[in-house]
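Worksheet: one structure, shown below.
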Amino acid sequence: MAKEVTKIIKLQIAAGAATPAPPVGTALGPAGVNIGEFVNQFNAQTRPMAGNIVPVLLTVYKDRTFTFIVKKPPASRLILKKLGIEKGSTKAQNKVAKLTSKQVEEIAAEKMEDLNAYDMNHAKKIIAGTEIGRAHV
């Protein structure tokens with residue numbers, strides 16, 4: 001018999017560096033989740049991805065147990081990392097960087113499992129349409 005789901009929580013947390021402090025503690029506390037147990041499991045699972053912000057989909061069950069899925073970093077973060085910059089431009093007229101088609105393909109390949117794309121060309125279009133300030137794609 002399947003467990004009854006009481007809550008689904010979406011978070012974005014630094015890989016391998018979760019702590020019981022906000023935002024993790026404030027999101028999980030009201031749901032009755034053992035915060036320390038989540039933090040330990042999350043950090044162990046994401047340690048190889050350290051340095052990235054990763055989305056987490058946490059499912060909380062009626063008996064206060066939980067499962068979670070760690071996804072790939074957001075496309076905007078992957079683009080910034082690939083370009084070696086910290087943020088996009090604050091003005092639309094200013095371009096801060098330019099992605100090559102090879103870089104777009106590399107990002108699309110890394111993010112493919114999380115994208116709603118049926119092939120690589122479609123995935124590349126999704127990545128190319130990601131806007132991060134004004135990094136030119």
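Within each chain, counting starts at residue 1; across the structure tokens, chains are named A, B, ... in the order shown, with ligands numbered 1 upward in that order.
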Return as a Markdown table the residues of stretch 73-116 of chain A lying at most 12 Å from stretch 31-51 of chain A, together with the closest atom-to-atom pair for each and the distance in Å to one decimal, counting only C-alpha atoms, with rows in chain order and ascending residue number.
```
| residue | atom | partner | partner_atom | distance |
| --- | --- | --- | --- | --- |
| A:Pro73 | CA | A:Met49 | CA | 9.3 |
| A:Arg77 | CA | A:Gly51 | CA | 10.7 |
| A:Leu78 | CA | A:Gly51 | CA | 11.3 |
| A:Lys81 | CA | A:Gly51 | CA | 10.0 |
```
For the residues in that selection, give me all heavy atoms as a short mmCIF file (atom, residue, chain, number, x, y, z; two decimals), in the first residue's frame.
```cif
data_model
loop_
_atom_site.label_atom_id
_atom_site.label_comp_id
_atom_site.auth_asym_id
_atom_site.auth_seq_id
_atom_site.Cartn_x
_atom_site.Cartn_y
_atom_site.Cartn_z
N PRO A 73 21.29 21.62 -11.52
CA PRO A 73 21.20 23.06 -11.23
C PRO A 73 20.33 23.77 -12.29
O PRO A 73 20.24 23.30 -13.43
CB PRO A 73 22.64 23.54 -11.32
CG PRO A 73 23.45 22.32 -11.03
CD PRO A 73 22.68 21.17 -11.61
N ARG A 77 21.95 29.09 -13.79
CA ARG A 77 23.19 28.89 -13.02
C ARG A 77 24.25 28.18 -13.86
O ARG A 77 25.44 28.48 -13.78
CB ARG A 77 22.92 28.06 -11.76
CG ARG A 77 21.97 28.70 -10.81
CD ARG A 77 22.72 29.53 -9.84
NE ARG A 77 21.77 30.05 -8.85
CZ ARG A 77 22.10 30.86 -7.91
NH1 ARG A 77 23.34 31.25 -7.78
NH2 ARG A 77 21.19 31.30 -7.07
N LEU A 78 23.81 27.21 -14.67
CA LEU A 78 24.75 26.50 -15.54
C LEU A 78 25.35 27.43 -16.58
O LEU A 78 26.54 27.35 -16.90
CB LEU A 78 24.06 25.31 -16.23
CG LEU A 78 23.62 24.17 -15.31
CD1 LEU A 78 22.80 23.15 -16.10
CD2 LEU A 78 24.81 23.51 -14.65
N LYS A 81 27.90 29.70 -14.86
CA LYS A 81 29.11 28.93 -14.57
C LYS A 81 29.93 28.69 -15.84
O LYS A 81 31.16 28.83 -15.84
CB LYS A 81 28.73 27.60 -13.92
CG LYS A 81 29.89 26.81 -13.40
CD LYS A 81 29.41 25.59 -12.66
CE LYS A 81 30.56 24.78 -12.11
NZ LYS A 81 30.11 23.60 -11.39
#
```
Stretch 8-130 of chain A: residues DSSP assigns to strand (DSSP E), reported as a list in words:
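Answer for stretch 8-130 of chain A restricted to strand (DSSP E) is Ile8, Ile9, Lys10, Leu11, Gln12, Ile13, Ala14, Ile53, Val54, Pro55, Val56, Leu57, Leu58, Thr59, Val60, Tyr61, Phe66, Thr67, Phe68, Ile69 and Val70 of chain A.
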Kindly save the residues from that selection, with N, CA and C atoms included, as a compact mmCIF listing (two decimals), in the first residue's frame.
```
# COMPACT_ATOMS: atom_id res chain seq x y z
N ILE A 8 4.33 18.45 -0.52
CA ILE A 8 5.47 18.43 -1.43
C ILE A 8 6.14 19.80 -1.30
N ILE A 9 7.43 19.79 -1.02
CA ILE A 9 8.18 21.02 -0.78
C ILE A 9 9.27 21.14 -1.83
N LYS A 10 9.37 22.33 -2.44
CA LYS A 10 10.42 22.61 -3.42
C LYS A 10 11.40 23.60 -2.81
N LEU A 11 12.67 23.26 -2.86
CA LEU A 11 13.72 24.13 -2.32
C LEU A 11 14.87 24.22 -3.32
N GLN A 12 15.66 25.25 -3.21
CA GLN A 12 16.93 25.35 -3.92
C GLN A 12 18.00 25.57 -2.85
N ILE A 13 18.93 24.59 -2.78
CA ILE A 13 19.91 24.58 -1.69
C ILE A 13 21.30 24.39 -2.28
N ALA A 14 22.30 24.97 -1.65
CA ALA A 14 23.69 24.75 -2.06
C ALA A 14 24.04 23.28 -1.84
N ILE A 53 24.02 25.33 -6.83
CA ILE A 53 22.72 25.41 -6.19
C ILE A 53 21.86 24.38 -6.90
N VAL A 54 21.22 23.48 -6.14
CA VAL A 54 20.42 22.43 -6.77
C VAL A 54 18.98 22.48 -6.28
N PRO A 55 18.04 22.29 -7.20
CA PRO A 55 16.64 22.19 -6.80
C PRO A 55 16.36 20.83 -6.16
N VAL A 56 15.52 20.83 -5.13
CA VAL A 56 15.16 19.61 -4.43
C VAL A 56 13.63 19.53 -4.37
N LEU A 57 13.10 18.37 -4.70
CA LEU A 57 11.66 18.11 -4.60
C LEU A 57 11.49 17.11 -3.47
N LEU A 58 10.98 17.59 -2.34
CA LEU A 58 10.86 16.79 -1.13
C LEU A 58 9.40 16.39 -0.94
N THR A 59 9.15 15.09 -0.81
CA THR A 59 7.81 14.59 -0.57
C THR A 59 7.71 14.14 0.88
N VAL A 60 6.75 14.71 1.61
CA VAL A 60 6.55 14.39 3.02
C VAL A 60 5.30 13.52 3.13
N TYR A 61 5.42 12.43 3.88
CA TYR A 61 4.32 11.48 4.03
C TYR A 61 3.64 11.68 5.39
N PHE A 66 10.04 10.97 4.70
CA PHE A 66 10.17 11.78 3.49
C PHE A 66 11.06 11.09 2.48
N THR A 67 10.91 11.50 1.24
CA THR A 67 11.83 11.13 0.17
C THR A 67 12.13 12.43 -0.58
N PHE A 68 13.26 12.46 -1.25
CA PHE A 68 13.55 13.66 -2.03
C PHE A 68 14.29 13.31 -3.31
N ILE A 69 14.09 14.17 -4.29
CA ILE A 69 14.74 14.05 -5.59
C ILE A 69 15.59 15.29 -5.78
N VAL A 70 16.84 15.10 -6.12
CA VAL A 70 17.74 16.21 -6.40
C VAL A 70 17.83 16.35 -7.91
```
Run DSSP on the backbone of this structure and report the residues of stretch 2-131 of chain A it assigns to helix (DSSP H, G or I), as a ChimeraX atom specification.
/A:24-31,35-49,75-83,101-114,120-128
Report as an NGL selection string all protein, DNA and RNA residues lying within 12 Å of A:Thr130, evaluated on only C-alpha atoms, omitting residues in the same chain fewer than 6 positions from it.
:A and (74-80 or 88 or 99 or 104 or 107-108 or 123-124 or 136-137)
Produce a file of the selected residues containing all heavy atoms, as a CSV table (one decimal), in the first residue's frame.
```
chain,number,residue,atom,x,y,z
A,74,PRO,N,19.7,24.9,-11.9
A,74,PRO,CA,18.9,25.7,-12.9
A,74,PRO,C,19.8,26.0,-14.1
A,74,PRO,O,21.0,26.3,-14.0
A,74,PRO,CB,18.5,26.9,-12.1
A,74,PRO,CG,18.6,26.5,-10.7
A,74,PRO,CD,19.7,25.5,-10.6
A,75,ALA,N,19.1,26.1,-15.3
A,75,ALA,CA,19.8,26.5,-16.5
A,75,ALA,C,20.6,27.8,-16.4
A,75,ALA,O,21.7,27.9,-16.9
A,75,ALA,CB,18.8,26.5,-17.7
A,76,SER,N,20.0,28.8,-15.7
A,76,SER,CA,20.6,30.1,-15.6
A,76,SER,C,21.9,29.9,-14.8
A,76,SER,O,22.9,30.6,-15.2
A,76,SER,CB,19.7,31.1,-14.9
A,76,SER,OG,19.3,30.6,-13.6
A,77,ARG,N,22.0,29.1,-13.8
A,77,ARG,CA,23.2,28.9,-13.0
A,77,ARG,C,24.2,28.2,-13.9
A,77,ARG,O,25.4,28.5,-13.8
A,77,ARG,CB,22.9,28.1,-11.8
A,77,ARG,CG,22.0,28.7,-10.8
A,77,ARG,CD,22.7,29.5,-9.8
A,77,ARG,NE,21.8,30.1,-8.9
A,77,ARG,CZ,22.1,30.9,-7.9
A,77,ARG,NH1,23.3,31.3,-7.8
A,77,ARG,NH2,21.2,31.3,-7.1
A,78,LEU,N,23.8,27.2,-14.7
A,78,LEU,CA,24.7,26.5,-15.5
A,78,LEU,C,25.4,27.4,-16.6
A,78,LEU,O,26.5,27.3,-16.9
A,78,LEU,CB,24.1,25.3,-16.2
A,78,LEU,CG,23.6,24.2,-15.3
A,78,LEU,CD1,22.8,23.1,-16.1
A,78,LEU,CD2,24.8,23.5,-14.7
A,79,ILE,N,24.5,28.3,-17.1
A,79,ILE,CA,25.0,29.3,-18.1
A,79,ILE,C,26.0,30.2,-17.4
A,79,ILE,O,27.1,30.5,-18.0
A,79,ILE,CB,23.8,30.1,-18.7
A,79,ILE,CG1,23.0,29.2,-19.6
A,79,ILE,CG2,24.4,31.3,-19.5
A,79,ILE,CD1,21.7,29.8,-20.0
A,80,LEU,N,25.7,30.8,-16.3
A,80,LEU,CA,26.7,31.7,-15.6
A,80,LEU,C,28.0,30.9,-15.3
A,80,LEU,O,29.1,31.5,-15.5
A,80,LEU,CB,26.1,32.2,-14.3
A,80,LEU,CG,24.9,33.2,-14.4
A,80,LEU,CD1,24.3,33.4,-13.0
A,80,LEU,CD2,25.4,34.5,-15.0
A,88,GLY,N,24.3,38.4,-14.7
A,88,GLY,CA,24.1,39.0,-16.0
A,88,GLY,C,24.0,40.5,-15.8
A,88,GLY,O,24.1,41.1,-14.7
A,99,LEU,N,27.4,33.1,-25.4
A,99,LEU,CA,27.5,31.6,-25.4
A,99,LEU,C,27.7,31.1,-26.8
A,99,LEU,O,27.0,31.6,-27.7
A,99,LEU,CB,26.2,31.0,-24.9
A,99,LEU,CG,26.1,30.8,-23.4
A,99,LEU,CD1,24.7,30.2,-23.1
A,99,LEU,CD2,27.2,29.9,-22.8
A,104,VAL,N,26.1,25.9,-25.5
A,104,VAL,CA,24.7,25.7,-25.4
A,104,VAL,C,24.4,24.2,-25.4
A,104,VAL,O,23.6,23.7,-24.6
A,104,VAL,CB,23.9,26.4,-26.5
A,104,VAL,CG1,22.4,26.0,-26.4
A,104,VAL,CG2,24.0,28.0,-26.3
A,107,ILE,N,25.5,22.5,-22.1
A,107,ILE,CA,24.6,22.8,-21.0
A,107,ILE,C,23.3,22.0,-21.2
A,107,ILE,O,22.8,21.4,-20.3
A,107,ILE,CB,24.3,24.3,-20.9
A,107,ILE,CG1,25.5,25.1,-20.5
A,107,ILE,CG2,23.1,24.6,-20.0
A,107,ILE,CD1,25.4,26.6,-20.7
A,108,ALA,N,22.8,21.9,-22.5
A,108,ALA,CA,21.6,21.2,-22.8
A,108,ALA,C,21.8,19.7,-22.5
A,108,ALA,O,20.9,19.0,-21.9
A,108,ALA,CB,21.2,21.4,-24.2
A,123,ALA,N,16.1,20.8,-26.7
A,123,ALA,CA,16.8,21.1,-25.5
A,123,ALA,C,17.7,22.4,-25.7
A,123,ALA,O,17.7,23.2,-24.8
A,123,ALA,CB,17.6,20.0,-25.0
A,124,LYS,N,18.4,22.4,-26.8
A,124,LYS,CA,19.3,23.6,-27.0
A,124,LYS,C,18.4,24.9,-27.2
A,124,LYS,O,18.9,25.9,-26.7
A,124,LYS,CB,20.1,23.3,-28.3
A,124,LYS,CG,21.2,22.3,-28.1
A,124,LYS,CD,22.2,22.2,-29.2
A,124,LYS,CE,21.6,22.0,-30.6
A,124,LYS,NZ,22.7,21.7,-31.6
A,136,HIS,N,24.2,37.2,-23.7
A,136,HIS,CA,23.7,37.0,-25.1
A,136,HIS,C,24.0,35.5,-25.5
A,136,HIS,O,25.1,35.0,-25.3
A,136,HIS,CB,24.5,37.9,-26.1
A,136,HIS,CG,24.1,37.8,-27.5
A,136,HIS,ND1,22.9,38.4,-27.9
A,136,HIS,CD2,24.6,37.2,-28.5
A,136,HIS,CE1,22.8,38.2,-29.2
A,136,HIS,NE2,23.7,37.4,-29.6
A,137,VAL,N,22.9,34.9,-25.9
A,137,VAL,CA,23.0,33.5,-26.4
A,137,VAL,C,22.8,33.4,-27.9
A,137,VAL,O,22.0,34.0,-28.4
A,137,VAL,CB,21.9,32.6,-25.7
A,137,VAL,CG1,22.0,31.2,-26.1
A,137,VAL,CG2,22.1,32.7,-24.2
```
